[in-house]
Amino acid sequence: MPDKIKELKIKATQLRIDIIKMLSAAGSGHSGGSLSAADIVACLYFSVMRHNPQNPRWEERDRFVLSKGHACPVLYAALAEAGYFPKEELLTLRKLNSILQGHPDMNKTPGVEFSSGSLGQGFAAAFGMALGYKLDNKPGRIFVMLGDGECQEGIVWETAMGASHYKLDNLTAILDYNNLQIDGKVSEIMEIAPIVDKFRAFGWTVYEIDGHNIEEILWALSTERIVAGKPTMIIARTVKGKGVSFMENQVDWHGKAPTPQEAELALKELYEELERLKEDG
Ligand SMILES: Cc1ncc(C[n+]2csc(CCOP(=O)(O)OP(=O)(O)O)c2C)c(N)n1
Ligand SMILES: [Mg+2]
């Protein structure tokens with residue numbers, strides 16, 4: 001496999017390892033939705049985005065907003081790996097006075113672009129950032145990740161309408177389509193399908209990919225996929241809890257942290273995967 005793909009698979013596995021360590025140390029937090037997003041977040045921070053951990057407020061940077069803010073362990077793991085703050089900070093997740101709060105806080109954590117967690121709001125904020133970049137003639141791109149349960153929020157559809165009205169082709173959204181929300185299957189609680197047709201009807205360019213396939217993620221995030229005058233939506237099919245066998249597709253793991261014993265089992269699997277990737281790629 002090409003070196004770049006191998007490197008990103010290793011990064012994503014490293015993020016999953018850090019997610020398990022952080023959540024286990026914190027004793028609370030969101031496992032499933034952090035793990036489902038790891039491959040996409042790895043591609044963004046370690047291949048696609050133009051950003052500078054030494055200068056987080058660089059004017060022309062690309063920005064990433066994690067609208068499904070409860071999955072912040074994956075964001076914190078990526079920011080630490082990229083060098084925004086020391087990795088030791090990860091083990092302070094959810095502690096009093098930590099820079100790593102239970103939901104992202106842009107005033108506390110270097111590299112966090114928006115304080116998200118109230119579902120839907122990060123998407124709207126990203127729309128505002130993209131509009132601001134256009135008005136200021138800035139070259140950067142704005143990326144935002146949503147959950148599928150999050151798409152049940154009305155604000156998502158106001159944002160979808162606004163972004164296409166203002167022709168925000170500098171905005172790329174990624175939907176982490178794992179078909180699970182806090183208390184069950186999205187398709188049973190309040191169906192969002194046909195989500196591709198819905199975003200197309202709202203004027204977006206829509207791509208559907210496997211959200212764990214690095215090649216497909218990079219393909220969809222490439223500037224070549226941008227259609228002038230339209231925002232881009234990437235519907236990424238994912239598995240909630242991806243990478244840890246006993247967490248995969250289990251709704252119980254939405255808002256639960258592993259016990260020390262469970263963390264040990266999870267880390268064993270992930271370190272084996274890391275070794276496998278390093279050996280044969
Ligand atoms: C406005 C709002 N309502 C409710 C919640 C509580 N909540 C946190 S996560 C979640 C489910 C989100 O599901 P989804 O978007 O599918 O996330 P993922 O599966 O990626 O974890 C809910 C209801 C919230 N954070 N914000
Ligand atoms: Mg979901």
# chains A, B, ... in the order shown; residues from 1 in each chain; ligands from 1
>>> residues_around(residues="region 167-170 of chain A", least_positions_apart="6", cutoff="6 Å", atoms="only C-alpha atoms", output="ChimeraX atom specification")
/A:141,228-231
>>> write_last_selection(atoms="C-alpha atoms", output="mmCIF file, in the first residue's frame")
data_model
loop_
_atom_site.group_PDB
_atom_site.id
_atom_site.type_symbol
_atom_site.label_atom_id
_atom_site.label_comp_id
_atom_site.auth_asym_id
_atom_site.auth_seq_id
_atom_site.Cartn_x
_atom_site.Cartn_y
_atom_site.Cartn_z
ATOM 1 C CA ARG A 141 -11.385 25.790 3.613
ATOM 2 C CA ALA A 228 -17.776 25.917 -7.825
ATOM 3 C CA GLY A 229 -20.554 27.757 -6.021
ATOM 4 C CA LYS A 230 -21.757 24.794 -3.951
ATOM 5 C CA PRO A 231 -20.987 23.488 -0.458
#
>>> select_by_dssp(residues="region 231-268 of chain A", states="alpha helix (DSSP H)", output="list in words")
Pro260, Gln261, Glu262, Ala263, Glu264, Leu265, Ala266, Leu267 and Lys268 of chain A
>>> residues_near_ligand(ligand="ligand 1", cutoff="9 Å", atoms="only C-alpha atoms and all ligand atoms", output="PyMOL selection string")
chain A and resi 30-37+67-71+116-121+146-153+175-183+185-186+240+251+254-255
>>> closest_residue(among="A:Thr172, A:Ser115, A:Thr223, A:Gln54", to="Val206 (chain A)", atoms="only C-alpha atoms")
A:Thr172
>>> residues_around(residues="Ala126 (chain A)", least_positions_apart="4", cutoff="8 Å", atoms="only C-alpha atoms", output="compact mmCIF listing (two decimals) with N, CA and C atoms, in the first residue's frame")
# COMPACT_ATOMS: atom_id res chain seq x y z
N VAL A 65 -14.34 22.17 12.51
CA VAL A 65 -15.27 22.27 13.63
C VAL A 65 -15.89 20.88 13.86
N GLY A 122 -22.49 23.70 15.91
CA GLY A 122 -21.17 23.74 15.28
C GLY A 122 -21.29 23.85 13.77
N ALA A 130 -17.24 30.04 7.07
CA ALA A 130 -17.04 29.94 5.62
C ALA A 130 -17.50 31.24 4.94
N ILE A 142 -13.19 25.46 5.19
CA ILE A 142 -13.79 25.15 6.48
C ILE A 142 -14.36 23.74 6.41
N PHE A 143 -13.95 22.91 7.35
CA PHE A 143 -14.46 21.53 7.44
C PHE A 143 -15.28 21.41 8.71
N VAL A 144 -16.35 20.63 8.63
CA VAL A 144 -17.18 20.44 9.83
C VAL A 144 -17.71 19.01 9.84
N LEU A 171 -16.89 25.41 2.04
CA LEU A 171 -17.39 24.64 3.19
C LEU A 171 -17.55 23.16 2.80
>>> select_by_dssp(residues="region 6-252 of chain A", states="strand (DSSP E or B)", output="ChimeraX atom specification")
/A:63-66,142-147,171-177,180-181,184-185,205-210,232-237
>>> atom_distance(atom1="CA of Ser28 (chain A)", atom2="CA of Leu79 (chain A)")
20.2 Å
>>> residues_around(residues="Ile20 (chain A)", least_positions_apart="6", cutoff="8 Å", atoms="only C-alpha atoms", output="list in words")
Ser31, Ala257, Pro258, Ala263, Ala266 and Leu267 of chain A
>>> write_last_selection(atoms="N, CA and C atoms", output="PDB file, in the first residue's frame")
ATOM      1  N   SER A  31     -17.297   7.104  23.926  1.00  0.00           N
ATOM      2  CA  SER A  31     -16.376   6.198  23.232  1.00  0.00           C
ATOM      3  C   SER A  31     -16.773   5.983  21.768  1.00  0.00           C
ATOM      4  N   ALA A 257     -17.417   5.257  29.260  1.00  0.00           N
ATOM      5  CA  ALA A 257     -15.956   5.074  29.165  1.00  0.00           C
ATOM      6  C   ALA A 257     -15.610   3.651  29.587  1.00  0.00           C
ATOM      7  N   PRO A 258     -14.521   3.102  29.044  1.00  0.00           N
ATOM      8  CA  PRO A 258     -14.131   1.756  29.453  1.00  0.00           C
ATOM      9  C   PRO A 258     -13.572   1.723  30.879  1.00  0.00           C
ATOM     10  N   ALA A 263     -10.485  -1.287  29.126  1.00  0.00           N
ATOM     11  CA  ALA A 263      -9.464  -0.520  28.398  1.00  0.00           C
ATOM     12  C   ALA A 263      -8.282  -1.417  28.030  1.00  0.00           C
ATOM     13  N   ALA A 266      -9.304  -3.443  25.055  1.00  0.00           N
ATOM     14  CA  ALA A 266      -9.385  -2.585  23.870  1.00  0.00           C
ATOM     15  C   ALA A 266      -7.987  -2.239  23.365  1.00  0.00           C
ATOM     16  N   LEU A 267      -7.098  -1.901  24.285  1.00  0.00           N
ATOM     17  CA  LEU A 267      -5.741  -1.502  23.890  1.00  0.00           C
ATOM     18  C   LEU A 267      -4.970  -2.672  23.294  1.00  0.00           C
TER      19      LEU A 267
END
>>> atom_distance(atom1="CA of Val112 (chain A)", atom2="CA of Ile5 (chain A)")
25.7 Å
>>> residues_around(residues="Lys108 (chain A)", least_positions_apart="3", cutoff="8 Å", atoms="only C-alpha atoms", output="number ranges by chain")
A: 99-100, 105
>>> write_last_selection(atoms="C-alpha atoms", output="tab-separated table (two decimals), in the first residue's frame")
chain	number	residue	atom	x	y	z
A	99	ILE	CA	-7.60	22.46	29.07
A	100	LEU	CA	-9.55	19.41	27.83
A	105	ASP	CA	-13.99	24.83	24.56
>>> closest_residue(among="A:Ala160, A:Met49, A:Leu66, A:Val239", to="ligand 2", atoms="only C-alpha atoms and all ligand atoms")
A:Val239
>>> closest_residue(among="A:Thr92, A:Thr238, A:Thr232, A:Ser98", to="Met22 (chain A)", atoms="only C-alpha atoms")
A:Thr92
>>> residues_around(residues="Glu89 (chain A)", least_positions_apart="2", cutoff="12 Å", atoms="only C-alpha atoms", output="list in words")
Asp18, Lys21, Met22, Ala25, Ala26, Pro73, Tyr76, Ala77, Leu79, Ala80, Glu81, Gly83, Tyr84, Phe85, Pro86, Lys87, Leu91, Thr92, Leu93, Arg94, Lys95, Asn97, Ser98, Ile99, Leu100, Gln101, Thr109 and Pro110 of chain A
>>> closest_residue(among="A:Ile192, A:Leu8, A:Ala125, A:Leu277", to="ligand 2", atoms="only C-alpha atoms and all ligand atoms")
A:Ile192
>>> closest_residue(among="A:Met190, A:Glu272, A:Phe202, A:Ile214", to="ligand 2", atoms="only C-alpha atoms and all ligand atoms")
A:Met190
>>> closest_residue(among="A:Leu270, A:Ile209, A:Ala201, A:Met145", to="ligand 2", atoms="only C-alpha atoms and all ligand atoms")
A:Met145
>>> decode(residues="region 94-194 of chain A", atoms="C-alpha atoms", output="mmCIF file, in the first residue's frame")
data_model
loop_
_atom_site.group_PDB
_atom_site.id
_atom_site.type_symbol
_atom_site.label_atom_id
_atom_site.label_comp_id
_atom_site.auth_asym_id
_atom_site.auth_seq_id
_atom_site.Cartn_x
_atom_site.Cartn_y
_atom_site.Cartn_z
ATOM 1 C CA ARG A 94 -12.690 16.051 32.019
ATOM 2 C CA LYS A 95 -10.727 17.042 35.137
ATOM 3 C CA LEU A 96 -11.319 20.375 36.879
ATOM 4 C CA ASN A 97 -9.200 23.149 35.321
ATOM 5 C CA SER A 98 -8.003 20.884 32.504
ATOM 6 C CA ILE A 99 -7.603 22.455 29.071
ATOM 7 C CA LEU A 100 -9.551 19.407 27.834
ATOM 8 C CA GLN A 101 -13.144 19.748 28.921
ATOM 9 C CA GLY A 102 -15.924 17.197 28.347
ATOM 10 C CA HIS A 103 -17.022 19.189 25.304
ATOM 11 C CA PRO A 104 -14.725 21.373 23.159
ATOM 12 C CA ASP A 105 -13.986 24.827 24.559
ATOM 13 C CA MET A 106 -12.323 27.222 22.113
ATOM 14 C CA ASN A 107 -11.176 29.430 24.980
ATOM 15 C CA LYS A 108 -9.314 26.627 26.729
ATOM 16 C CA THR A 109 -7.807 24.368 24.095
ATOM 17 C CA PRO A 110 -5.277 25.466 21.458
ATOM 18 C CA GLY A 111 -6.546 24.401 18.039
ATOM 19 C CA VAL A 112 -10.221 24.106 18.981
ATOM 20 C CA GLU A 113 -12.085 26.400 16.590
ATOM 21 C CA PHE A 114 -15.529 26.426 18.194
ATOM 22 C CA SER A 115 -17.143 25.483 21.504
ATOM 23 C CA SER A 116 -19.489 22.744 20.389
ATOM 24 C CA GLY A 117 -21.619 20.115 22.076
ATOM 25 C CA SER A 118 -25.070 21.530 21.651
ATOM 26 C CA LEU A 119 -25.917 19.490 18.581
ATOM 27 C CA GLY A 120 -26.352 21.449 15.358
ATOM 28 C CA GLN A 121 -24.656 24.622 16.499
ATOM 29 C CA GLY A 122 -21.172 23.742 15.279
ATOM 30 C CA PHE A 123 -22.524 23.260 11.777
ATOM 31 C CA ALA A 124 -24.085 26.732 11.856
ATOM 32 C CA ALA A 125 -20.863 28.238 13.218
ATOM 33 C CA ALA A 126 -18.853 26.592 10.429
ATOM 34 C CA PHE A 127 -21.268 28.122 7.921
ATOM 35 C CA GLY A 128 -20.561 31.531 9.469
ATOM 36 C CA MET A 129 -16.803 30.939 9.285
ATOM 37 C CA ALA A 130 -17.044 29.940 5.618
ATOM 38 C CA LEU A 131 -19.085 33.052 4.863
ATOM 39 C CA GLY A 132 -16.534 35.169 6.732
ATOM 40 C CA TYR A 133 -13.675 33.655 4.730
ATOM 41 C CA LYS A 134 -15.512 34.484 1.503
ATOM 42 C CA LEU A 135 -16.168 38.076 2.568
ATOM 43 C CA ASP A 136 -12.507 38.496 3.530
ATOM 44 C CA ASN A 137 -11.290 36.758 0.349
ATOM 45 C CA LYS A 138 -9.388 34.213 2.412
ATOM 46 C CA PRO A 139 -8.237 31.088 0.617
ATOM 47 C CA GLY A 140 -8.841 28.569 3.431
ATOM 48 C CA ARG A 141 -11.385 25.790 3.613
ATOM 49 C CA ILE A 142 -13.786 25.152 6.483
ATOM 50 C CA PHE A 143 -14.456 21.533 7.439
ATOM 51 C CA VAL A 144 -17.184 20.443 9.826
ATOM 52 C CA MET A 145 -18.223 17.034 11.109
ATOM 53 C CA LEU A 146 -21.791 16.170 12.042
ATOM 54 C CA GLY A 147 -23.373 13.090 13.553
ATOM 55 C CA ASP A 148 -26.332 11.365 11.946
ATOM 56 C CA GLY A 149 -28.489 11.775 15.048
ATOM 57 C CA GLU A 150 -27.448 15.429 14.981
ATOM 58 C CA CYS A 151 -29.175 15.786 11.604
ATOM 59 C CA GLN A 152 -32.497 15.585 13.427
ATOM 60 C CA GLU A 153 -31.866 19.134 14.698
ATOM 61 C CA GLY A 154 -33.711 21.888 12.828
ATOM 62 C CA ILE A 155 -30.657 24.162 12.800
ATOM 63 C CA VAL A 156 -28.911 21.664 10.510
ATOM 64 C CA TRP A 157 -31.438 22.361 7.785
ATOM 65 C CA GLU A 158 -31.361 26.140 8.204
ATOM 66 C CA THR A 159 -27.589 25.875 7.793
ATOM 67 C CA ALA A 160 -27.923 23.586 4.782
ATOM 68 C CA MET A 161 -30.219 26.134 3.151
ATOM 69 C CA GLY A 162 -27.994 29.108 4.010
ATOM 70 C CA ALA A 163 -24.717 27.581 2.885
ATOM 71 C CA SER A 164 -26.032 26.848 -0.578
ATOM 72 C CA HIS A 165 -27.769 30.223 -0.828
ATOM 73 C CA TYR A 166 -24.455 31.943 -0.135
ATOM 74 C CA LYS A 167 -22.638 29.573 -2.546
ATOM 75 C CA LEU A 168 -20.122 28.486 0.077
ATOM 76 C CA ASP A 169 -17.893 26.178 -1.928
ATOM 77 C CA ASN A 170 -15.226 26.644 0.767
ATOM 78 C CA LEU A 171 -17.386 24.636 3.187
ATOM 79 C CA THR A 172 -17.054 20.845 3.357
ATOM 80 C CA ALA A 173 -19.192 18.911 5.807
ATOM 81 C CA ILE A 174 -18.658 15.294 6.735
ATOM 82 C CA LEU A 175 -21.525 13.261 8.141
ATOM 83 C CA ASP A 176 -20.426 10.434 10.437
ATOM 84 C CA TYR A 177 -23.209 8.077 9.384
ATOM 85 C CA ASN A 178 -22.953 5.305 11.984
ATOM 86 C CA ASN A 179 -26.736 4.813 12.298
ATOM 87 C CA LEU A 180 -26.647 5.062 16.089
ATOM 88 C CA GLN A 181 -27.522 7.976 18.328
ATOM 89 C CA ILE A 182 -27.690 8.212 22.142
ATOM 90 C CA ASP A 183 -30.524 5.740 22.644
ATOM 91 C CA GLY A 184 -30.849 3.571 19.574
ATOM 92 C CA LYS A 185 -30.777 3.390 15.808
ATOM 93 C CA VAL A 186 -31.215 6.661 13.941
ATOM 94 C CA SER A 187 -33.393 4.830 11.412
ATOM 95 C CA GLU A 188 -35.790 3.782 14.192
ATOM 96 C CA ILE A 189 -35.805 6.912 16.364
ATOM 97 C CA MET A 190 -36.201 9.471 13.587
ATOM 98 C CA GLU A 191 -35.092 8.437 10.116
ATOM 99 C CA ILE A 192 -32.846 10.869 8.263
ATOM 100 C CA ALA A 193 -32.727 8.919 4.980
ATOM 101 C CA PRO A 194 -32.687 9.578 2.100
#
